[in-house]
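Trainee: Enclosed is the structure file coords28.txt (compact mmCIF, C-alpha atoms and all ligand atoms).
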# COMPACT_ATOMS: atom_id res chain seq x y z
CA MET Y 21 50.78 -16.70 -22.79
CA SER Y 22 54.51 -16.17 -22.82
CA ASP Y 23 56.00 -12.72 -22.29
CA THR Y 24 56.77 -10.60 -25.32
CA TYR Y 25 59.58 -8.04 -25.27
CA ILE Y 26 56.91 -5.41 -24.65
CA GLN Y 27 56.37 -6.83 -21.15
CA ASN Y 28 59.94 -5.90 -20.30
CA LEU Y 29 59.48 -2.39 -21.60
CA ILE Y 30 56.64 -1.45 -19.25
CA ALA Y 31 57.75 1.23 -16.79
CA ASP Y 32 58.47 0.16 -13.22
CA ARG Y 33 56.07 2.79 -11.90
CA ILE Y 34 53.12 0.70 -13.05
CA GLY Y 35 54.66 -2.69 -12.31
CA GLY Y 36 57.38 -3.17 -14.93
CA CYS Y 37 57.82 -6.79 -16.05
CA GLN Y 38 55.14 -7.84 -13.53
CA TYR Y 39 52.56 -5.45 -15.00
CA GLY Y 40 49.18 -7.09 -15.67
CA LYS Y 41 50.09 -10.32 -13.87
CA SER Y 42 48.59 -9.61 -10.47
CA THR Y 43 45.54 -11.65 -9.62
CA ALA Y 44 44.47 -9.30 -6.80
CA ILE Y 45 40.90 -8.09 -7.22
CA TYR Y 46 40.31 -4.51 -6.25
CA LYS Y 47 37.42 -3.09 -4.24
CA PHE Y 48 35.28 -1.75 -7.05
CA GLU Y 49 35.74 -4.90 -9.13
CA LYS Y 50 34.70 -6.99 -6.11
CA ILE Y 51 31.55 -4.89 -5.79
CA LYS Y 52 30.79 -5.32 -9.50
CA ARG Y 53 31.29 -9.08 -9.30
CA ALA Y 54 29.10 -9.40 -6.20
CA LYS Y 55 26.33 -7.40 -7.94
CA ARG Y 56 26.57 -9.62 -11.01
CA ALA Y 57 26.40 -12.77 -8.85
CA ALA Y 58 23.42 -11.43 -6.87
CA LEU Y 59 21.57 -10.71 -10.11
CA ALA Y 60 22.45 -14.10 -11.59
CA ALA Y 61 21.09 -15.79 -8.45
CA ASN Y 62 17.88 -13.78 -8.60
CA PRO Y 63 17.42 -12.27 -12.09
CA ASN Y 64 14.21 -10.39 -11.29
CA ALA Y 65 15.47 -8.79 -8.09
CA GLU Y 66 16.24 -5.09 -7.82
CA ILE Y 67 19.73 -4.24 -6.65
CA ILE Y 68 19.57 -0.94 -4.80
CA ASP Y 69 22.75 0.85 -5.70
CA MET Y 70 23.82 3.17 -2.89
CA GLY Y 71 27.43 3.07 -4.04
CA VAL Y 72 27.25 5.46 -6.98
CA GLY Y 73 29.86 8.23 -6.84
CA GLU Y 74 28.22 10.64 -9.26
CA PRO Y 75 24.93 12.51 -9.76
CA ASP Y 76 21.93 10.49 -10.90
CA GLU Y 77 20.52 13.24 -13.09
CA MET Y 78 21.45 15.04 -16.29
CA ALA Y 79 22.74 18.58 -16.49
CA PHE Y 80 19.87 21.09 -16.36
CA PRO Y 81 18.12 21.68 -19.73
CA GLU Y 82 19.21 25.32 -19.93
CA VAL Y 83 22.85 24.23 -19.60
CA VAL Y 84 22.43 21.66 -22.37
CA ASP Y 85 20.82 24.38 -24.53
CA ARG Y 86 23.75 26.69 -23.81
CA LEU Y 87 26.18 23.97 -24.89
CA ALA Y 88 24.23 23.49 -28.14
CA GLN Y 89 24.35 27.24 -28.89
CA GLU Y 90 28.05 27.46 -28.10
CA ALA Y 91 28.86 24.34 -30.10
CA ARG Y 92 27.43 26.02 -33.22
CA LYS Y 93 29.81 28.99 -33.00
CA PRO Y 94 32.74 28.63 -35.41
CA GLU Y 95 35.03 30.55 -33.08
CA ASN Y 96 34.66 27.79 -30.48
CA ARG Y 97 35.68 24.93 -32.76
CA GLY Y 98 39.45 24.77 -32.38
CA TYR Y 99 42.04 23.92 -29.77
CA ALA Y 100 41.18 25.79 -26.60
CA ASP Y 101 44.69 25.45 -25.13
CA ASN Y 102 44.62 27.14 -21.74
CA GLY Y 103 41.22 28.67 -22.48
CA ASP Y 104 39.79 32.10 -23.15
CA ALA Y 105 38.59 34.64 -20.60
CA VAL Y 106 34.96 33.47 -20.37
CA LEU Y 107 35.33 30.68 -17.80
CA LYS Y 108 38.11 32.46 -15.91
CA GLU Y 109 35.99 35.55 -15.39
CA ALA Y 110 32.93 33.50 -14.43
CA ALA Y 111 35.09 31.56 -11.95
CA ALA Y 112 36.30 34.76 -10.27
CA ARG Y 113 32.71 36.04 -10.08
CA TYR Y 114 31.57 32.68 -8.68
CA LEU Y 115 34.26 32.64 -5.99
CA GLU Y 116 33.22 36.10 -4.89
CA LYS Y 117 29.45 35.72 -5.11
CA VAL Y 118 29.06 32.15 -3.90
CA CYS Y 119 32.05 31.66 -1.60
CA GLY Y 120 32.82 35.21 -0.50
CA VAL Y 121 36.36 35.10 -1.91
CA ARG Y 122 37.38 38.57 -3.01
CA GLY Y 123 40.19 39.73 -5.20
CA ILE Y 124 40.85 36.72 -7.42
CA ASN Y 125 42.44 37.97 -10.63
CA PRO Y 126 40.82 35.97 -13.45
CA GLU Y 127 43.76 36.59 -15.77
CA THR Y 128 46.53 35.29 -13.55
CA GLU Y 129 44.91 33.37 -10.72
CA VAL Y 130 42.41 31.11 -12.54
CA LEU Y 131 42.78 28.44 -15.20
CA HIS Y 132 40.30 25.87 -16.42
CA SER Y 133 40.71 22.12 -15.90
CA ILE Y 134 39.36 19.14 -17.78
CA GLY Y 135 37.86 18.15 -14.45
CA SER Y 136 39.55 18.07 -11.06
CA LYS Y 137 40.90 14.57 -11.67
CA ALA Y 138 42.91 15.89 -14.60
CA ALA Y 139 44.19 18.82 -12.52
CA LEU Y 140 45.20 16.46 -9.68
CA SER Y 141 47.13 14.33 -12.18
CA ILE Y 142 48.90 17.36 -13.70
CA LEU Y 143 49.90 19.24 -10.53
CA PRO Y 144 52.46 16.70 -9.23
CA ALA Y 145 54.57 17.28 -12.36
CA ALA Y 146 54.77 20.92 -11.34
CA LEU Y 147 55.75 20.20 -7.73
CA ILE Y 148 57.20 16.79 -7.01
CA ASN Y 149 60.86 15.84 -7.23
CA PRO Y 150 62.14 12.38 -6.24
CA GLY Y 151 62.14 12.03 -2.45
CA ASP Y 152 59.48 14.67 -1.84
CA VAL Y 153 56.66 13.73 0.50
CA VAL Y 154 52.98 14.43 -0.10
CA LEU Y 155 50.57 14.56 2.82
CA MET Y 156 47.31 12.91 1.80
CA THR Y 157 44.22 12.20 3.87
CA THR Y 158 43.04 8.61 4.05
CA PRO Y 159 40.53 7.31 3.13
CA GLY Y 160 40.50 9.61 0.15
CA TYR Y 161 40.76 10.29 -3.55
CA PRO Y 162 44.21 9.03 -4.47
CA VAL Y 163 45.02 10.66 -7.84
CA PHE Y 164 47.49 13.34 -6.67
CA GLY Y 165 49.36 10.72 -4.61
CA THR Y 166 49.49 8.21 -7.45
CA HIS Y 167 51.05 10.74 -9.81
CA SER Y 168 53.40 12.01 -7.11
CA LYS Y 169 54.69 8.46 -6.76
CA TYR Y 170 55.16 8.30 -10.56
CA TYR Y 171 57.60 11.21 -10.13
CA GLY Y 172 59.50 9.49 -7.32
CA GLY Y 173 57.62 11.13 -4.46
CA ALA Y 174 56.22 9.35 -1.42
CA VAL Y 175 52.81 9.59 0.22
CA HIS Y 176 52.39 10.06 3.96
CA ASN Y 177 48.85 9.19 4.97
CA LEU Y 178 46.89 11.28 7.45
CA PRO Y 179 44.04 9.15 8.80
CA LEU Y 180 40.58 10.70 8.97
CA ILE Y 181 38.91 9.47 12.12
CA GLN Y 182 35.61 10.24 13.78
CA ALA Y 183 37.21 11.39 17.06
CA HIS Y 184 38.90 14.17 15.07
CA ALA Y 185 35.78 15.12 13.07
CA PHE Y 186 37.40 13.47 10.03
CA LEU Y 187 39.92 16.31 9.82
CA PRO Y 188 43.63 15.39 9.68
CA ASP Y 189 45.65 15.86 12.86
CA LEU Y 190 48.39 18.14 11.55
CA ASP Y 191 50.09 18.20 14.96
CA ALA Y 192 50.71 14.45 14.81
CA ILE Y 193 52.89 14.51 11.68
CA PRO Y 194 56.47 13.45 12.58
CA ALA Y 195 59.15 16.13 12.18
CA GLU Y 196 61.18 14.07 9.70
CA ILE Y 197 58.12 13.76 7.46
CA LEU Y 198 57.44 17.48 7.71
CA ARG Y 199 61.01 18.25 6.61
CA LYS Y 200 60.43 16.38 3.35
CA ALA Y 201 56.77 17.33 2.89
CA LYS Y 202 56.01 19.53 -0.06
CA ALA Y 203 52.26 19.39 -0.47
CA LEU Y 204 49.16 18.82 1.64
CA VAL Y 205 46.10 17.61 -0.26
CA LEU Y 206 42.73 18.23 1.33
CA ASN Y 207 39.17 17.65 0.16
CA TYR Y 208 36.15 19.15 1.98
CA PRO Y 209 33.30 18.35 1.96
CA ASN Y 210 35.09 15.06 1.93
CA ASN Y 211 34.80 11.94 -0.15
CA PRO Y 212 34.11 9.45 1.41
CA THR Y 213 33.46 10.72 4.96
CA GLY Y 214 31.06 13.53 4.00
CA ALA Y 215 32.79 15.69 6.63
CA SER Y 216 33.12 19.45 6.21
CA ALA Y 217 36.01 21.66 7.19
CA THR Y 218 35.63 24.76 9.35
CA PRO Y 219 37.13 28.26 8.91
CA GLU Y 220 39.19 27.56 12.07
CA PHE Y 221 40.63 24.37 10.58
CA PHE Y 222 41.49 26.15 7.32
CA ALA Y 223 43.17 28.96 9.32
CA LYS Y 224 45.25 26.29 11.04
CA VAL Y 225 46.12 24.80 7.65
CA VAL Y 226 47.38 28.18 6.37
CA ALA Y 227 49.57 28.64 9.47
CA PHE Y 228 50.83 25.04 9.16
CA ALA Y 229 51.69 25.55 5.48
CA GLN Y 230 53.52 28.81 6.15
CA LYS Y 231 55.46 27.35 9.06
CA ASN Y 232 56.52 24.24 7.16
CA ASN Y 233 56.84 25.67 3.62
CA ILE Y 234 54.14 23.42 2.26
CA VAL Y 235 51.80 23.92 -0.68
CA VAL Y 236 48.11 23.32 0.00
CA ILE Y 237 45.94 21.78 -2.70
CA HIS Y 238 42.30 21.95 -1.73
CA ASP Y 239 40.14 19.70 -3.87
CA ALA Y 240 36.74 21.38 -3.58
CA ALA Y 241 34.87 18.96 -5.85
CA TYR Y 242 31.90 18.89 -3.44
CA ALA Y 243 32.29 22.38 -1.99
CA ALA Y 244 29.09 23.78 -3.47
CA LEU Y 245 26.93 20.87 -2.28
CA VAL Y 246 26.07 22.18 1.16
CA PHE Y 247 22.80 21.72 3.04
CA ASP Y 248 22.93 24.86 5.11
CA GLY Y 249 24.67 28.19 4.56
CA ARG Y 250 27.23 29.06 1.91
CA PRO Y 251 30.02 26.86 0.54
CA LEU Y 252 33.29 27.09 2.44
CA SER Y 253 36.21 27.88 0.15
CA PHE Y 254 39.76 27.43 1.39
CA LEU Y 255 40.55 30.62 -0.52
CA ALA Y 256 38.30 32.56 1.85
CA THR Y 257 40.88 31.94 4.59
CA PRO Y 258 43.24 34.89 5.19
CA GLY Y 259 46.62 34.00 3.67
CA ALA Y 260 45.30 31.04 1.64
CA LYS Y 261 46.40 32.51 -1.68
CA GLU Y 262 49.97 32.73 -0.39
CA VAL Y 263 50.11 28.99 0.28
CA GLY Y 264 47.84 27.19 -2.12
CA ILE Y 265 45.23 26.63 -4.71
CA GLU Y 266 41.71 25.29 -4.84
CA LEU Y 267 40.16 22.99 -7.42
CA HIS Y 268 36.52 23.46 -8.34
CA SER Y 269 34.53 21.28 -10.67
CA THR Y 270 31.16 21.38 -12.42
CA SER Y 271 30.94 17.57 -12.20
CA LYS Y 272 29.07 17.21 -8.93
CA SER Y 273 27.76 20.76 -8.45
CA PHE Y 274 26.01 20.91 -11.82
CA ASN Y 275 25.45 17.22 -12.73
CA MET Y 276 28.20 17.40 -15.37
CA THR Y 277 30.58 14.53 -14.59
CA GLY Y 278 30.88 13.50 -18.24
CA TRP Y 279 31.42 17.04 -19.51
CA ARG Y 280 34.85 17.35 -17.88
CA CYS Y 281 35.17 20.95 -16.83
CA GLY Y 282 36.36 22.77 -13.75
CA PHE Y 283 38.89 25.36 -12.70
CA VAL Y 284 41.98 25.84 -10.55
CA ALA Y 285 42.29 29.11 -8.63
CA GLY Y 286 44.57 30.70 -6.08
CA ASN Y 287 48.31 31.26 -5.86
CA GLU Y 288 49.50 32.90 -9.07
CA LEU Y 289 52.76 30.98 -9.39
CA LEU Y 290 51.06 27.64 -8.76
CA VAL Y 291 48.34 28.46 -11.30
CA LYS Y 292 51.04 29.41 -13.83
CA ALA Y 293 53.00 26.20 -13.16
CA TYR Y 294 49.81 24.17 -13.51
CA GLY Y 295 49.13 25.98 -16.79
CA ASP Y 296 52.59 25.26 -18.16
CA VAL Y 297 52.35 21.53 -17.46
CA LYS Y 298 48.73 21.47 -18.63
CA ASP Y 299 49.75 23.11 -21.89
CA ASN Y 300 52.13 20.20 -22.44
CA THR Y 301 49.49 17.65 -21.45
CA ASP Y 302 46.22 18.52 -23.16
CA SER Y 303 44.91 21.11 -25.58
CA GLY Y 304 42.18 22.42 -23.34
CA GLN Y 305 38.51 21.62 -22.93
CA PHE Y 306 36.19 22.40 -25.87
CA LEU Y 307 35.33 26.10 -25.57
CA ALA Y 308 31.62 25.35 -25.94
CA ILE Y 309 31.82 23.23 -22.78
CA GLN Y 310 33.86 25.89 -21.00
CA HIS Y 311 31.26 28.51 -21.91
CA ALA Y 312 28.38 26.30 -20.74
CA ALA Y 313 30.33 25.77 -17.50
CA ALA Y 314 30.72 29.55 -17.19
CA TYR Y 315 26.93 29.85 -17.56
CA CYS Y 316 26.61 27.39 -14.65
CA LEU Y 317 28.98 29.35 -12.45
CA ASP Y 318 26.78 32.39 -13.00
CA HIS Y 319 23.70 30.35 -12.02
CA PRO Y 320 24.52 28.84 -8.60
CA GLN Y 321 20.79 28.36 -7.99
CA ILE Y 322 21.18 25.18 -10.08
CA THR Y 323 23.49 23.75 -7.42
CA GLU Y 324 21.13 24.90 -4.68
CA GLN Y 325 18.35 22.82 -6.28
CA ILE Y 326 20.61 19.79 -6.56
CA ALA Y 327 21.78 20.17 -2.95
CA ALA Y 328 18.17 20.51 -1.75
CA LYS Y 329 17.36 17.17 -3.33
CA TYR Y 330 20.38 15.50 -1.71
CA SER Y 331 19.47 17.07 1.62
CA ARG Y 332 15.94 15.65 1.42
CA ARG Y 333 17.26 12.19 0.52
CA MET Y 334 19.90 12.41 3.23
CA ASP Y 335 17.27 13.15 5.92
CA ALA Y 336 15.30 10.08 4.90
CA LEU Y 337 18.34 7.83 4.57
CA VAL Y 338 19.64 8.84 8.01
CA GLN Y 339 16.29 7.81 9.50
CA VAL Y 340 16.29 4.47 7.68
CA LEU Y 341 19.84 3.64 8.75
CA ARG Y 342 19.32 4.76 12.34
CA ALA Y 343 16.25 2.52 12.55
CA ALA Y 344 18.47 -0.35 11.37
CA GLY Y 345 20.94 0.38 14.18
CA PHE Y 346 23.58 2.40 12.33
CA ASP Y 347 25.04 5.50 13.97
CA ALA Y 348 24.09 7.70 11.01
CA LYS Y 349 24.41 11.47 11.21
CA LYS Y 350 23.51 13.85 8.42
CA PRO Y 351 26.63 15.49 7.01
CA ARG Y 352 26.68 19.23 6.26
CA GLY Y 353 27.41 18.65 2.58
CA SER Y 354 28.41 16.26 -0.26
CA PHE Y 355 26.21 13.32 -1.22
CA PHE Y 356 27.93 10.79 1.01
CA LEU Y 357 26.72 9.27 4.24
CA TYR Y 358 29.60 7.50 5.98
CA VAL Y 359 28.62 5.09 8.74
CA LYS Y 360 30.55 2.74 10.97
CA ALA Y 361 30.36 -0.81 9.62
CA PRO Y 362 28.81 -3.42 11.91
CA GLY Y 363 30.94 -6.19 13.37
CA ALA Y 364 28.17 -8.77 13.06
CA ALA Y 365 24.61 -9.29 11.83
CA LEU Y 366 22.01 -11.29 13.71
CA LYS Y 367 19.24 -12.63 11.50
CA LYS Y 368 15.66 -13.36 12.57
CA ASP Y 369 16.25 -17.07 11.96
CA GLY Y 370 18.93 -16.95 14.66
CA GLY Y 371 21.91 -17.01 12.28
CA ARG Y 372 24.82 -14.73 13.21
CA ILE Y 373 27.37 -13.52 10.69
CA VAL Y 374 30.62 -12.03 11.91
CA PHE Y 375 32.39 -9.45 9.72
CA LYS Y 376 36.11 -8.85 9.85
CA SER Y 377 36.03 -5.73 7.67
CA ALA Y 378 33.76 -3.20 5.99
CA GLU Y 379 34.47 -5.01 2.75
CA GLU Y 380 32.92 -8.19 4.18
CA VAL Y 381 29.84 -6.22 5.27
CA SER Y 382 29.53 -4.65 1.84
CA GLN Y 383 29.78 -8.05 0.12
CA TRP Y 384 27.16 -9.48 2.49
CA LEU Y 385 24.82 -6.51 1.93
CA ILE Y 386 24.97 -7.06 -1.81
CA THR Y 387 24.63 -10.84 -1.70
CA GLU Y 388 22.01 -11.14 1.06
CA GLN Y 389 20.12 -7.84 0.91
CA ARG Y 390 20.88 -6.71 -2.65
CA ILE Y 391 22.01 -3.30 -1.38
CA SER Y 392 25.26 -2.02 -2.82
CA THR Y 393 27.51 0.31 -0.79
CA VAL Y 394 31.21 1.19 -0.91
CA PRO Y 395 33.34 -0.16 1.96
CA TRP Y 396 36.34 1.71 3.42
CA ASP Y 397 38.80 -0.03 5.72
CA ASP Y 398 41.59 2.55 5.58
CA ALA Y 399 40.99 4.24 8.96
CA GLY Y 400 38.42 2.10 10.71
CA ALA Y 401 35.69 0.04 9.03
CA TYR Y 402 33.03 2.21 7.39
CA LEU Y 403 30.40 2.01 4.68
CA ARG Y 404 29.66 4.84 2.27
CA PHE Y 405 26.07 5.31 1.14
CA SER Y 406 25.46 7.82 -1.67
CA VAL Y 407 22.18 9.65 -2.02
CA THR Y 408 22.65 9.69 -5.78
CA PHE Y 409 20.73 6.43 -6.12
CA ILE Y 410 18.43 6.08 -9.11
CA ALA Y 411 14.79 7.07 -8.54
CA ARG Y 412 12.31 8.32 -11.14
CA ASP Y 413 10.66 10.93 -8.91
CA GLN Y 414 10.04 11.72 -5.24
CA ALA Y 415 7.51 8.90 -4.90
CA ASP Y 416 10.03 6.44 -6.31
CA GLU Y 417 12.71 7.90 -4.04
CA LYS Y 418 10.48 7.09 -1.06
CA ARG Y 419 9.85 3.61 -2.43
CA VAL Y 420 13.60 2.93 -2.70
CA LEU Y 421 14.27 4.12 0.85
CA ASP Y 422 11.28 2.17 2.22
CA GLU Y 423 12.62 -0.88 0.41
CA ILE Y 424 16.03 -0.48 2.10
CA ALA Y 425 14.23 -0.23 5.47
CA ARG Y 426 12.21 -3.36 4.67
CA ARG Y 427 15.26 -5.37 3.61
CA LEU Y 428 17.19 -4.39 6.74
CA SER Y 429 14.23 -4.97 9.07
CA ASP Y 430 14.91 -8.66 9.68
CA VAL Y 431 18.53 -8.08 10.68
CA ARG Y 432 19.98 -6.76 13.91
CA PHE Y 433 23.44 -5.32 13.51
CA GLU Y 434 26.06 -5.45 16.24
CA PHE Y 435 28.67 -2.72 16.42
C1 LIG N 501 37.33 13.93 -4.02
C2 LIG N 501 37.20 13.96 -5.49
N1 LIG N 501 38.01 14.76 -6.19
C3 LIG N 501 37.93 14.82 -7.52
C4 LIG N 501 37.03 14.04 -8.21
C5 LIG N 501 37.01 14.13 -9.70
O1 LIG N 501 36.20 15.16 -10.12
P1 LIG N 501 36.13 15.60 -11.63
O2 LIG N 501 34.93 14.97 -12.22
O3 LIG N 501 36.05 17.09 -11.58
O4 LIG N 501 37.38 15.13 -12.30
C6 LIG N 501 36.18 13.18 -7.53
C7 LIG N 501 35.25 12.32 -8.26
O5 LIG N 501 34.67 11.41 -7.78
C8 LIG N 501 36.26 13.15 -6.13
O6 LIG N 501 35.47 12.36 -5.41
Now, as a test, write the supplied structure out as structure tokens.
Ligand SMILES: Cc1ncc(COP(=O)(O)O)c(C=O)c1O
Mentor:
Amino acid sequence: MSDTYIQNLIADRIGGCQYGKSTAIYKFEKIKRAKRAALAANPNAEIIDMGVGEPDEMAFPEVVDRLAQEARKPENRGYADNGDAVLKEAAARYLEKVCGVRGINPETEVLHSIGSKAALSILPAALINPGDVVLMTTPGYPVFGTHSKYYGGAVHNLPLIQAHAFLPDLDAIPAEILRKAKALVLNYPNNPTGASATPEFFAKVVAFAQKNNIVVIHDAAYAALVFDGRPLSFLATPGAKEVGIELHSTSKSFNMTGWRCGFVAGNELLVKAYGDVKDNTDSGQFLAIQHAAAYCLDHPQITEQIAAKYSRRMDALVQVLRAAGFDAKKPRGSFFLYVKAPGAALKKDGGRIVFKSAEEVSQWLITEQRISTVPWDDAGAYLRFSVTFIARDQADEKRVLDEIARRLSDVRFEF
């Protein structure tokens, strides 16, 4: 097909006149294709999908009922713009009750989001000028960095490695990068490493931000999914509100990924700037959804039930993977188990397969064992298993995990 004039009108930030012409296949597409090929080769086989990045269950029935009630109210029908007080007040109560964060003013220090992804895509417009640098952890969720680059910013990657407990080494950032750095984006519990932050690390982050005049954006999408103790909010750190904001979401904590609702809280000026750009971006989430989300925030026991299920699955998965030779350790939160990828697999029939990357392992696991995972090669070769795999009930959950153990039993991995 020859180019039309439209091809030449595409913005450079997404590829300009080359847009749409790349033949590179990206990670998630490769996984999809491998799954399709494995099914085509063996149509009756079950592919065990350990790569899912969202909850396997619906929102709780009482939350769905609340949405239905709220959706019937005429006063909820219109544009929500930057929202009413219901979610903001629930968010402030939630931060205090669940995370121990006191003194958040719901009027000026909280604003809803249409999910954290939307907030991460909006915030760079409020912060990034051409030439500004954003400090982003890698591997990680790239949305803030992608939009920062749209505005002429640059991303400096901070590798998350096991030797550093998958926390970024802030002391290793070169001085010339720090001079241009405007924002530090963190996410704990972390996708994909499953690592959690500590109060000491967050205290270090506050001091680092103050010293270097940097804004901290803490993406707390998995914060409530903890297996022991209370969620750790960045905002609970002394001084945090002077340097940053935190993004919470009902997606993972309340099985509401499709509902699109969360909130941004913290530094008043940053919340205001987010609100101004947001107001020029969307017209707010449906108030009925915001009100159902507020109901959730007042019922954190829902999240506790969800986290208990993930914890149970995590215990079993750790055992299965350890028996197969992986160095699997239960994380303190999230639904991700991040394990070092093997360098080779020795099969019972004597065959030995050498892997050059986690991506090669992941492709082999799908093709040969019909187990789907997500590979990460950004800072070492790792595989991410999610405990949000589909299972009808606890008996089926056990069957799925036993089946993984069975499929991996005739392979010896080398690390
Ligand atoms: C680290 C991280 N941040 C944000 C999001 C997006 O969350 P939301 O559904 O609230 O947009 C995800 C979703 O996978 C995520 O993994």
Trainee: Between Y:Thr157, Y:Gln38, Y:Asn287, Y:Asn232, which residue has the minimum interatomic distance to ligand LIG 501 (chain N), considering only C-alpha atoms and all ligand atoms?
Mentor: Y:Thr157
Trainee: Could you give me, as a ChimeraX atom specification, the residues within 10 Å of Asp248 (chain Y), counting all atoms listed in the file and dropping anything in the same chain fewer than 3 positions from it?
Mentor: /Y:245,251,324,327-328,331,352-353
Trainee: Create the file for the chosen residues now, containing C-alpha atoms and written as a PDB file, keeping the file's coordinate frame.
Mentor:
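The resulting file, result.pdb, is reproduced below:
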ATOM      1  CA  LEU Y 245      26.930  20.870  -2.280  1.00  0.00           C
ATOM      2  CA  PRO Y 251      30.020  26.860   0.540  1.00  0.00           C
ATOM      3  CA  GLU Y 324      21.130  24.900  -4.680  1.00  0.00           C
ATOM      4  CA  ALA Y 327      21.780  20.170  -2.950  1.00  0.00           C
ATOM      5  CA  ALA Y 328      18.170  20.510  -1.750  1.00  0.00           C
ATOM      6  CA  SER Y 331      19.470  17.070   1.620  1.00  0.00           C
ATOM      7  CA  ARG Y 352      26.680  19.230   6.260  1.00  0.00           C
ATOM      8  CA  GLY Y 353      27.410  18.650   2.580  1.00  0.00           C
TER       9      GLY Y 353
END
Trainee: Would you list the residues that come within 7 Å of ligand LIG 501 (chain N)? Count all atoms listed in the file and give the answer as a list in words.
Mentor: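 Every residue with an atom at most 7 Å from ligand LIG 501 (chain N) is listed here: Gly73, Glu74, Gly135, Ser136, Lys137, Ala138, Gly160, Tyr161, Asn207, Asn210, Asn211, Asp239, Ala241, Ser269, Thr270, Ser271, Thr277, Arg280, Cys281 and Gly282 of chain Y.
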Trainee: Could you turn the residues from that selection into a file that holds C-alpha atoms, as a PDB file, keeping the file's coordinate frame?
Mentor:
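Written file, out-v1.pdb:
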ATOM      1  CA  GLY Y  73      29.860   8.230  -6.840  1.00  0.00           C
ATOM      2  CA  GLU Y  74      28.220  10.640  -9.260  1.00  0.00           C
ATOM      3  CA  GLY Y 135      37.860  18.150 -14.450  1.00  0.00           C
ATOM      4  CA  SER Y 136      39.550  18.070 -11.060  1.00  0.00           C
ATOM      5  CA  LYS Y 137      40.900  14.570 -11.670  1.00  0.00           C
ATOM      6  CA  ALA Y 138      42.910  15.890 -14.600  1.00  0.00           C
ATOM      7  CA  GLY Y 160      40.500   9.610   0.150  1.00  0.00           C
ATOM      8  CA  TYR Y 161      40.760  10.290  -3.550  1.00  0.00           C
ATOM      9  CA  ASN Y 207      39.170  17.650   0.160  1.00  0.00           C
ATOM     10  CA  ASN Y 210      35.090  15.060   1.930  1.00  0.00           C
ATOM     11  CA  ASN Y 211      34.800  11.940  -0.150  1.00  0.00           C
ATOM     12  CA  ASP Y 239      40.140  19.700  -3.870  1.00  0.00           C
ATOM     13  CA  ALA Y 241      34.870  18.960  -5.850  1.00  0.00           C
ATOM     14  CA  SER Y 269      34.530  21.280 -10.670  1.00  0.00           C
ATOM     15  CA  THR Y 270      31.160  21.380 -12.420  1.00  0.00           C
ATOM     16  CA  SER Y 271      30.940  17.570 -12.200  1.00  0.00           C
ATOM     17  CA  THR Y 277      30.580  14.530 -14.590  1.00  0.00           C
ATOM     18  CA  ARG Y 280      34.850  17.350 -17.880  1.00  0.00           C
ATOM     19  CA  CYS Y 281      35.170  20.950 -16.830  1.00  0.00           C
ATOM     20  CA  GLY Y 282      36.360  22.770 -13.750  1.00  0.00           C
TER      21      GLY Y 282
END
Trainee: So which residues fall inside 9 Å of (41.7, 39.3, 3.5) if we count only C-alpha atoms? Mind giving them as a list in words?
Mentor: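 In the file's frame, the residues around the point are Val121, Arg122, Gly123, Ala256, Thr257, Pro258 and Gly259 of chain Y.
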Trainee: Within 6 Å of region 190-203 of chain Y, counting all atoms listed in the file, which residues show up once you throw out same-chain ones fewer than 3 positions away? Write them as a PyMOL selection string, please.
Mentor: chain Y and resi 152-154+234-236
Trainee: Of the candidates Y:Arg342, Y:Lys224, Y:Lys292, Y:Arg333, which one gets nearest to Asp416 (chain Y) if we count all atoms listed in the file?
Mentor: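 Selected residue with least distance to Asp416 (chain Y): Y:Arg333.
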Trainee: Determine the nearest neighbour of Tyr330 (chain Y) from the options Y:Tyr99, Y:Phe355, Y:Tyr171, Y:Phe222, counting all atoms listed in the file.
Mentor: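 For Tyr330 (chain Y), the nearest of the given residues is Y:Phe355.
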Trainee: Quote the spacing between CA of Glu49 (chain Y) and CA of Ile68 (chain Y) in Å to one decimal place.
Mentor: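 Interatomic distance here is 17.2 Å.
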Trainee: Contacts of Ser141 (chain Y) at 9 Å or less, counting only C-alpha atoms, minus same-chain residues fewer than 4 places along, as a PDB file with C-alpha atoms, in the coordinates of the input?
Mentor:
ATOM      1  CA  SER Y 136      39.550  18.070 -11.060  1.00  0.00           C
ATOM      2  CA  LYS Y 137      40.900  14.570 -11.670  1.00  0.00           C
ATOM      3  CA  ALA Y 145      54.570  17.280 -12.360  1.00  0.00           C
ATOM      4  CA  VAL Y 163      45.020  10.660  -7.840  1.00  0.00           C
ATOM      5  CA  PHE Y 164      47.490  13.340  -6.670  1.00  0.00           C
ATOM      6  CA  GLY Y 165      49.360  10.720  -4.610  1.00  0.00           C
ATOM      7  CA  THR Y 166      49.490   8.210  -7.450  1.00  0.00           C
ATOM      8  CA  HIS Y 167      51.050  10.740  -9.810  1.00  0.00           C
ATOM      9  CA  SER Y 168      53.400  12.010  -7.110  1.00  0.00           C
TER      10      SER Y 168
END
Trainee: Which of these, Y:His176, Y:Asn125, Y:Gln27, Y:Tyr114, has the shortest distance to His319 (chain Y) once you count all atoms listed in the file?
Mentor: Y:Tyr114
Trainee: Show which residues sit within 10 Å of Val284 (chain Y), as a list in words. Count all atoms listed in the file, and ignore same-chain residues fewer than 4 positions away.
Mentor: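 My list of contacting residues is Lys108, Ala111, Glu129, Val130, Leu131, His132, Ser133, Gly135, Ser136, Ala139, Leu140, Ile237, His238, Asp239, Ala240, Ile265, Glu266, Leu267, His268, Ser269, Leu290, Val291, Tyr294 and Gly295 of chain Y.
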